[in-house]
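Structure file protein.cif with mmCIF, C-alpha atoms and all ligand atoms:
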data_target
loop_
_atom_site.group_PDB
_atom_site.id
_atom_site.type_symbol
_atom_site.label_atom_id
_atom_site.label_comp_id
_atom_site.auth_asym_id
_atom_site.auth_seq_id
_atom_site.Cartn_x
_atom_site.Cartn_y
_atom_site.Cartn_z
ATOM 1 C CA MET A 687 0.000 0.000 0.000
ATOM 2 C CA ALA A 688 1.537 3.268 -1.142
ATOM 3 C CA VAL A 689 1.434 6.093 1.310
ATOM 4 C CA ALA A 690 0.441 9.314 -0.388
ATOM 5 C CA LYS A 691 3.007 12.055 -0.144
ATOM 6 C CA LYS A 692 1.544 14.734 1.984
ATOM 7 C CA ALA A 693 2.886 18.267 2.331
ATOM 8 C CA LYS A 694 4.234 18.898 5.799
ATOM 9 C CA THR A 695 2.711 21.542 7.979
ATOM 10 C CA LEU A 696 3.988 23.217 11.112
ATOM 11 C CA GLU A 697 2.032 23.378 14.314
ATOM 12 C CA SER A 698 0.598 26.861 14.701
ATOM 13 C CA SER A 699 2.843 27.684 17.649
ATOM 14 C CA SER A 700 6.015 26.437 15.976
ATOM 15 C CA LYS A 701 9.093 28.609 16.360
ATOM 16 C CA TYR A 702 9.863 27.831 12.720
ATOM 17 C CA ASN A 703 6.816 29.794 11.499
ATOM 18 C CA GLN A 704 8.996 32.910 11.425
ATOM 19 C CA LEU A 705 11.088 31.315 8.677
ATOM 20 C CA ASP A 706 8.259 32.025 6.240
ATOM 21 C CA ALA A 707 9.757 35.346 5.159
ATOM 22 C CA ASP A 708 7.164 36.312 2.512
ATOM 23 C CA GLY A 709 4.218 35.115 4.600
ATOM 24 C CA ASP A 710 2.680 32.833 1.964
ATOM 25 C CA GLY A 711 2.376 29.973 4.431
ATOM 26 C CA ILE A 712 5.048 27.881 2.719
ATOM 27 C CA ILE A 713 8.579 27.603 3.985
ATOM 28 C CA THR A 714 10.620 27.104 0.862
ATOM 29 C CA ASP A 715 14.126 25.676 0.750
ATOM 30 C CA ASP A 716 15.286 29.182 -0.171
ATOM 31 C CA GLU A 717 13.747 30.631 2.958
ATOM 32 C CA MET A 718 15.399 27.907 5.027
ATOM 33 C CA ALA A 719 18.760 28.623 3.396
ATOM 34 C CA GLN A 720 18.292 32.335 3.978
ATOM 35 C CA ALA A 721 17.569 31.816 7.687
ATOM 36 C CA GLU A 722 20.587 29.545 7.930
ATOM 37 C CA ALA A 723 22.805 32.155 6.263
ATOM 38 C CA ILE A 724 21.575 34.840 8.661
ATOM 39 C CA MET A 725 22.283 32.605 11.650
ATOM 40 C CA GLU A 726 25.732 31.826 10.294
ATOM 41 C CA LEU A 727 26.432 35.554 9.899
ATOM 42 C CA GLU A 728 25.260 36.302 13.439
ATOM 43 C CA PHE A 729 27.383 33.474 14.797
ATOM 44 C CA ARG A 730 30.416 34.825 12.959
ATOM 45 C CA LYS A 731 29.725 38.332 14.261
ATOM 46 C CA VAL A 732 29.498 37.129 17.872
ATOM 47 C CA THR A 733 32.645 35.045 17.455
ATOM 48 C CA MET A 734 34.513 38.040 16.072
ATOM 49 C CA GLU A 735 33.310 40.282 18.904
ATOM 50 C CA ASN A 736 34.413 37.739 21.501
ATOM 51 C CA GLU A 737 37.785 37.397 19.822
ATOM 52 C CA ASP A 738 38.106 41.181 19.813
ATOM 53 C CA LYS A 739 37.341 41.379 23.545
ATOM 54 C CA LYS A 740 39.788 38.603 24.272
ATOM 55 C CA GLN A 741 42.548 40.356 22.367
ATOM 56 C CA ASP A 742 41.828 43.642 24.163
ATOM 57 C CA ALA A 743 42.013 41.899 27.528
ATOM 58 C CA GLN A 744 45.297 40.219 26.649
ATOM 59 C CA ARG A 745 46.757 43.463 25.335
ATOM 60 C CA ASN A 746 45.763 45.293 28.529
ATOM 61 C CA MET A 747 47.305 42.533 30.601
ATOM 62 C CA ALA A 748 50.575 42.775 28.680
ATOM 63 C CA TRP A 749 50.622 46.562 29.089
ATOM 64 C CA PHE A 750 49.874 46.258 32.791
ATOM 65 C CA ALA A 751 52.698 43.751 33.228
ATOM 66 C CA LEU A 752 55.080 46.002 31.295
ATOM 67 C CA ALA A 753 54.083 49.055 33.335
ATOM 68 C CA GLY A 754 54.668 47.089 36.541
ATOM 69 C CA MET A 755 58.093 46.110 35.265
ATOM 70 C CA LEU A 756 59.006 49.697 34.432
ATOM 71 C CA LEU A 757 57.642 51.127 37.684
ATOM 72 C CA TYR A 758 59.205 48.469 39.896
ATOM 73 C CA PRO A 759 62.540 50.306 40.327
ATOM 74 C CA PHE A 760 60.621 53.447 41.278
ATOM 75 C CA ALA A 761 58.845 51.500 44.005
ATOM 76 C CA VAL A 762 62.283 50.649 45.415
ATOM 77 C CA VAL A 763 63.367 54.291 45.153
ATOM 78 C CA ILE A 764 60.189 55.450 46.878
ATOM 79 C CA GLY A 765 60.728 52.859 49.604
ATOM 80 C CA VAL A 766 64.256 54.168 50.207
ATOM 81 C CA ALA A 767 63.077 57.789 50.082
ATOM 82 C CA LEU A 768 60.405 57.060 52.688
ATOM 83 C CA ASN A 769 62.965 55.276 54.866
ATOM 84 C CA LEU A 770 61.154 51.967 54.470
ATOM 85 C CA VAL A 771 64.392 50.013 54.519
ATOM 86 C CA GLN A 772 62.814 46.611 54.962
ATOM 87 C CA ALA A 773 60.308 47.231 52.174
ATOM 88 C CA SER A 774 63.114 48.194 49.804
ATOM 89 C CA GLU A 775 65.076 45.088 50.746
ATOM 90 C CA ILE A 776 62.072 42.835 50.175
ATOM 91 C CA LEU A 777 61.375 44.481 46.826
ATOM 92 C CA GLY A 778 65.010 43.956 45.890
ATOM 93 C CA ASP A 779 64.838 40.288 46.864
ATOM 94 C CA MET A 780 61.627 39.831 44.885
ATOM 95 C CA ALA A 781 62.984 41.544 41.800
ATOM 96 C CA SER A 782 64.678 38.524 40.207
ATOM 97 C CA VAL A 783 61.552 36.355 40.400
ATOM 98 C CA TYR A 784 59.259 39.232 39.483
ATOM 99 C CA PHE A 785 61.119 40.294 36.354
ATOM 100 C CA VAL A 786 61.386 36.742 35.047
ATOM 101 C CA SER A 787 57.646 36.138 35.614
ATOM 102 C CA VAL A 788 56.604 39.385 33.949
ATOM 103 C CA ALA A 789 58.989 38.803 31.068
ATOM 104 C CA ALA A 790 57.378 35.365 30.642
ATOM 105 C CA ILE A 791 53.888 36.942 30.507
ATOM 106 C CA VAL A 792 54.952 39.531 27.950
ATOM 107 C CA ALA A 793 56.849 36.960 25.900
ATOM 108 C CA ALA A 794 53.827 34.633 25.950
ATOM 109 C CA PHE A 795 51.617 37.493 24.757
ATOM 110 C CA TYR A 796 53.828 38.421 21.822
ATOM 111 C CA GLY A 797 54.479 34.780 21.032
ATOM 112 C CA SER A 798 50.757 33.997 20.880
ATOM 113 C CA GLN A 799 50.166 37.138 18.803
ATOM 114 C CA ALA A 800 52.770 36.024 16.280
ATOM 115 C CA TYR A 801 51.434 32.471 16.278
ATOM 116 C CA THR A 802 47.773 33.413 15.753
ATOM 117 C CA ALA A 803 48.710 35.978 13.096
ATOM 118 C CA LYS A 804 50.485 33.202 11.221
ATOM 119 C CA ALA A 805 47.681 30.676 11.763
ATOM 120 C CA VAL A 806 44.935 33.128 10.734
ATOM 121 C CA SER A 807 46.613 34.528 7.614
ATOM 122 C CA LYS A 808 46.628 31.176 5.790
ATOM 123 C CA PRO A 809 42.903 30.223 5.967
ATOM 124 C CA VAL A 810 41.891 33.811 5.164
ATOM 125 C CA ALA A 811 43.946 33.763 1.980
ATOM 126 C CA LYS A 812 42.369 30.436 1.014
ATOM 127 C CA LYS A 813 38.858 31.666 1.810
ATOM 128 C CA ALA A 814 39.317 34.855 -0.231
ATOM 129 C CA ALA A 815 40.261 32.766 -3.238
ATOM 130 C CA LYS A 816 37.205 30.585 -2.677
ATOM 131 C CA ASP A 817 34.877 33.582 -2.385
ATOM 132 C CA ASP A 818 36.022 34.823 -5.790
ATOM 133 C CA ASP A 819 34.582 31.681 -7.395
ATOM 134 C CA TRP A 820 31.017 32.959 -7.208
HETATM 135 CA CA CA A 901 7.236 31.566 2.084
#
Starting from the coordinates I provided, produce the structure as structure tokens.
Ligand SMILES: [Ca+2]
Amino acid sequence: MAVAKKAKTLESSSKYNQLDADGDGIITDDEMAQAEAIMELEFRKVTMENEDKKQDAQRNMAWFALAGMLLYPFAVVIGVALNLVQASEILGDMASVYFVSVAAIVAAFYGSQAYTAKAVSKPVAKKAAKDDDW
């Protein structure tokens, strides 16, 4: 017994009703593709914004670390000027560990920048060539 092919309908409260862009009651494959493309675009936008925020945060962290490194000697000078002998001594003892740690943070930042720049540039070049096809 052959089952007759019946057009599919959505329940009236379906969240997919909004996909019917021209309101004719039929969700065409084109309308589906269009909705998919819009979602893809929004996803890409959000991803880019998140990436942007992440890069800003990392950049600020690197600047903060660098500023701390540059101001560290002044902290020692201020300690001496204020007669805080013990504070100056402690700062001096900490210096070797501190400078190596901060240098590691800054180096990691620039290293990751260089690495991602290299990793990103290749797929973009490929994608640009692909986009030219149509
Ligand atoms: Ca339609």
task: Would you translate the PyMOL selection byres (((not hetatm)) within 8 of (chain A and resi 901)) into the concrete set of residues it matches in this file, as a VMD selection string?
output: chain A and resid 705 to 714 717
message: Considering all atoms listed in the file, can you say which of A:Ala693, A:Ala803, A:Leu768, A:Ile791 comes closest to Gly754 of chain A?
response: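 Comparing A:Ala693, A:Ala803, A:Leu768, A:Ile791 against Gly754 of chain A, the winner is A:Ile791.
Atom CA of Ser774 of chain A to atom CA of Asn746 of chain A spans 27.6 Å [interatomic distance, one decimal].
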query: Taking into account all atoms listed in the file, which residue in the set A:Glu697, A:Val806, A:Phe795, A:Ala761 is nearest to Ala743 of chain A?
result: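 Selected residue with least distance to Ala743 of chain A: A:Phe795.
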Edge lengths and centre in Å to one decimal, as AutoDock Vina command-line options, is what I'm after for the box along x, y and z that holds all listed atoms of segment 772-790 of chain A once 6 Å is added on each side.
--center_x 60.8 --center_y 41.8 --center_z 42.8 --size_x 20.5 --size_y 24.8 --size_z 36.3
- request: Work out how far apart atom CA of Ala790 of chain A and atom CA of Phe750 of chain A are and give it in Å to one decimal.
  value: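 Separation between atom CA of Ala790 of chain A and atom CA of Phe750 of chain A: 13.4 Å.
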